[in-house]
Amino acid sequence: MQRWHRLRPLWTRLLVMVSVVGPGIITANVDNDAGGISTYSVAGGNYGYTLLWMLPLVALALIIIQEMSARLGVVSGKGLADLIRESMGVRITAVIIGVILVANLANTVSEFAGVAASMEIFGVTKYISVPIAAVLVWLLIVKGSYKVVERIFLVASAIYLCYIASGIMAHPDWSQVRTAFITPSFQLEAGYVTIFVTIIGTTIAPWMQFYQQASIVDKGLQIADYAYERLDVIVGSLFAVVVAGFIVIACAATIYQSGMRIESAKDAALALEPLAGKYASALFGLGLLNASVFSAAILPLSTAYVVCEAFGWESGVGKDLRNAPIFFGVFTALIVLGALVILLPIKSLLQAMLASQTLNGVLLPFVLVVMLRLINDRRIMGRHVNNRFFNIIAWGMVIILIMLTLILILVTVFPHAFS
């Protein structure tokens, strides 16, 4: 009996943790979307293991940024766009909305490009796969409750294990992998710098902070849940970066070693079959499909939250069409536009994917500056403002991202100077 009383607090804590987790894991894993998988595939396939050293640093940055987002949500009880409107006025809010709308429309197009590319691997035309995916995503969000939607998203997050399996099946040289993780390298070459910035843009995207914070508010998490939500953020971020690492490893160990060049995740999946076996190829393609459909739901949802929070309109997956018409209207519009663009005769789906990820990298510093102002505002956060360590790291990241963006512009405008 005494033993049961000792165990009960542990079970209670576990039940609370299970009830809280979701926003952090889902947000981080959606970040490995179609554009992200293509970015990591190109990084590994065209540059081998040389970019692996970035990933631990990116993981640390992702954890810090998403932790700030989670803290803002549980302490204030408000979404990021709502806080921006209240603290900084309508003009800055309008600029932020414009940034997010442009980036998220590009990202939504990228997700449907991923649906098209992944199903083409299995012989299904985009004129069938994209409309079906769009309808399924729309029904899930519009007709589902928050709990149902979150559970489906958590299951979708688990399917990313396909990429870990693909990486192992590629039989990499683990000593080379280990060396690459601890040996920084950099090349002032247009393609390398572009993929360098794009990796940051796809791993830490501007929409993530808005979606995670809105999801925390929608779920009703309070300051008492903060410790569990912080664990949710850490686990989700680490898992997402581990998956990204295995995508790079799978492509580096096979495609790069064979001397091939690829342009997309679809190319990577097809190239893996003769190099690593049909199962590795199929798992890679299945992962791309899962990521694309998963993200095609989240990106428009994030945008709907931003628009409605900014103007004080009703929002939330738990609402219905009558109570939150603008919320579901924005969501529906992005789904329709994203799917329609991909159904047009576009020459390269890859460019639609990578352009959206590079745009994320360019826009991220502006969102981070706004977040840092809010997280250090004692009127909003009280004693939960950033400590000195967080501020040093966060401001350092903003400066580095601005420098990388300037380098990206220079190598794009003057590519011969860096060749």
# chains A, B, ... in the order shown; residues from 1 in each chain; ligands from 1

$ residues_around --residues "range 316-319 of chain A" --least-positions-apart "5" --cutoff "9 Å" --atoms "only C-alpha atoms" --output "ChimeraX atom specification"
/A:141-147,149,214-215,218,301,304-305,324,327-328

$ residues_around --residues "Leu340 in chain A" --least-positions-apart "4" --cutoff "9 Å" --atoms "only C-alpha atoms" --output "MDAnalysis selection string"
chainID A and resid 109 130:131 335:336 344

$ atom_distance --atom1 "CA of Ser292 in chain A" --atom2 "CA of Asp33 in chain A"
5.7 Å

$ atom_distance --atom1 "CA of Ile204 in chain A" --atom2 "CA of Trp313 in chain A"
27.3 Å

$ residues_around --residues "Leu368 in chain A" --least-positions-apart "3" --cutoff "10 Å" --atoms "only C-alpha atoms" --output "number ranges by chain"
A: 65, 206, 209, 363-365, 371-374, 394-395, 397-398

$ write_last_selection --atoms "C-alpha atoms" --output "PDB file, in the first residue's frame"
ATOM      1  CA  ILE A  65      13.635  30.025 -29.826  1.00  0.00           C
ATOM      2  CA  PRO A 206       9.046  32.188 -38.915  1.00  0.00           C
ATOM      3  CA  GLN A 209       6.689  30.627 -33.306  1.00  0.00           C
ATOM      4  CA  LEU A 363      12.577  36.692 -42.881  1.00  0.00           C
ATOM      5  CA  LEU A 364      13.410  34.935 -39.603  1.00  0.00           C
ATOM      6  CA  PRO A 365      15.573  37.740 -38.062  1.00  0.00           C
ATOM      7  CA  MET A 371       9.854  38.127 -30.084  1.00  0.00           C
ATOM      8  CA  LEU A 372      12.864  39.320 -28.105  1.00  0.00           C
ATOM      9  CA  ARG A 373      11.207  42.659 -27.413  1.00  0.00           C
ATOM     10  CA  LEU A 374       8.108  40.883 -26.108  1.00  0.00           C
ATOM     11  CA  ALA A 394      19.197  34.903 -29.021  1.00  0.00           C
ATOM     12  CA  TRP A 395      20.664  38.265 -30.060  1.00  0.00           C
ATOM     13  CA  MET A 397      21.587  34.283 -33.520  1.00  0.00           C
ATOM     14  CA  VAL A 398      19.841  37.333 -34.951  1.00  0.00           C
TER      15      VAL A 398
END

$ closest_atom_pairs --of "range 220-314 of chain A" --to "range 89-101 of chain A" --cutoff "12 Å" --atoms "only C-alpha atoms" --output "tab-separated table"
residue	atom	partner	partner_atom	distance
A:Leu299	CA	A:Ile100	CA	10.0
A:Pro300	CA	A:Leu101	CA	9.2
A:Leu301	CA	A:Leu101	CA	11.4
A:Ser302	CA	A:Ile100	CA	9.0
A:Thr303	CA	A:Leu101	CA	6.5
A:Ala304	CA	A:Leu101	CA	9.3
A:Tyr305	CA	A:Ile97	CA	10.5
A:Val306	CA	A:Ile97	CA	6.9
A:Val307	CA	A:Ile97	CA	6.6
A:Cys308	CA	A:Ile97	CA	10.1
A:Glu309	CA	A:Thr93	CA	10.1
A:Ala310	CA	A:Thr93	CA	6.7
A:Phe311	CA	A:Val90	CA	8.9
A:Gly312	CA	A:Val90	CA	11.7

$ atom_distance --atom1 "CA of Phe181 in chain A" --atom2 "CA of Trp53 in chain A"
4.1 Å

$ residues_around --residues "Leu221 in chain A" --least-positions-apart "3" --cutoff "10 Å" --atoms "only C-alpha atoms" --output "list in words"
Ser19, Val20, Ala70, Gly73, Val74, Val75, Gly77, Ser215, Ile216, Val217, Asp218, Ala224, Asp225, Tyr226 and Glu229 of chain A

$ closest_residue --among "A:Ala180, A:Ile234, A:Val330, A:Ile168" --to "Thr254 in chain A" --atoms "only C-alpha atoms"
A:Ile168

$ residues_around --residues "range 256-260 of chain A" --least-positions-apart "6" --cutoff "10 Å" --atoms "only C-alpha atoms" --output "list in words"
Val42, Ala43, Gly44, Gly45, Asn46, Tyr47, Gly48, Tyr49, Pro172, Ile249, Ala250, Ala268, Ala271 and Leu275 of chain A

$ closest_residue --among "A:Met381, A:Ile195, A:Ile402, A:Ile407" --to "Ser69 in chain A" --atoms "only C-alpha atoms"
A:Met381

$ closest_residue --among "A:Met54, A:Ala205, A:Ala117, A:Ile64" --to "Arg230 in chain A" --atoms "only C-alpha atoms"
A:Ile64

$ residues_around --residues "Thr183 in chain A" --least-positions-apart "3" --cutoff "12 Å" --atoms "only C-alpha atoms" --output "PyMOL selection string"
chain A and resi 49-56+176-180+186

$ write_last_selection --atoms "N, CA and C atoms" --output "compact mmCIF listing (two decimals), in the first residue's frame"
# COMPACT_ATOMS: atom_id res chain seq x y z
N TYR A 49 28.88 14.92 -46.15
CA TYR A 49 28.69 15.11 -44.71
C TYR A 49 29.11 16.50 -44.24
N THR A 50 29.56 17.36 -45.15
CA THR A 50 30.24 18.60 -44.74
C THR A 50 29.35 19.59 -43.98
N LEU A 51 28.04 19.45 -44.08
CA LEU A 51 27.14 20.37 -43.39
C LEU A 51 26.59 19.81 -42.07
N LEU A 52 26.99 18.60 -41.70
CA LEU A 52 26.47 17.99 -40.48
C LEU A 52 26.84 18.78 -39.23
N TRP A 53 27.99 19.45 -39.25
CA TRP A 53 28.43 20.18 -38.06
C TRP A 53 27.45 21.28 -37.66
N MET A 54 26.65 21.75 -38.62
CA MET A 54 25.66 22.79 -38.34
C MET A 54 24.56 22.30 -37.40
N LEU A 55 24.20 21.03 -37.50
CA LEU A 55 22.96 20.55 -36.89
C LEU A 55 22.92 20.66 -35.36
N PRO A 56 23.99 20.34 -34.62
CA PRO A 56 23.91 20.56 -33.17
C PRO A 56 23.67 22.02 -32.80
N GLN A 176 33.29 8.71 -40.45
CA GLN A 176 33.21 9.95 -41.23
C GLN A 176 32.09 10.85 -40.71
N VAL A 177 30.98 10.23 -40.35
CA VAL A 177 29.85 10.99 -39.80
C VAL A 177 30.27 11.69 -38.51
N ARG A 178 30.93 10.96 -37.63
CA ARG A 178 31.37 11.53 -36.36
C ARG A 178 32.34 12.69 -36.59
N THR A 179 33.27 12.51 -37.49
CA THR A 179 34.24 13.58 -37.80
C THR A 179 33.55 14.81 -38.35
N ALA A 180 32.56 14.61 -39.23
CA ALA A 180 31.85 15.75 -39.84
C ALA A 180 31.06 16.55 -38.80
N PHE A 186 33.29 25.65 -44.25
CA PHE A 186 32.47 26.64 -44.95
C PHE A 186 33.10 26.95 -46.29

$ residues_around --residues "range 280-283 of chain A" --least-positions-apart "5" --cutoff "10 Å" --atoms "only C-alpha atoms" --output "count of residues only"
27

$ closest_residue --among "A:Met68, A:Val233, A:Ile326, A:Leu334" --to "Ala297 in chain A" --atoms "only C-alpha atoms"
A:Leu334
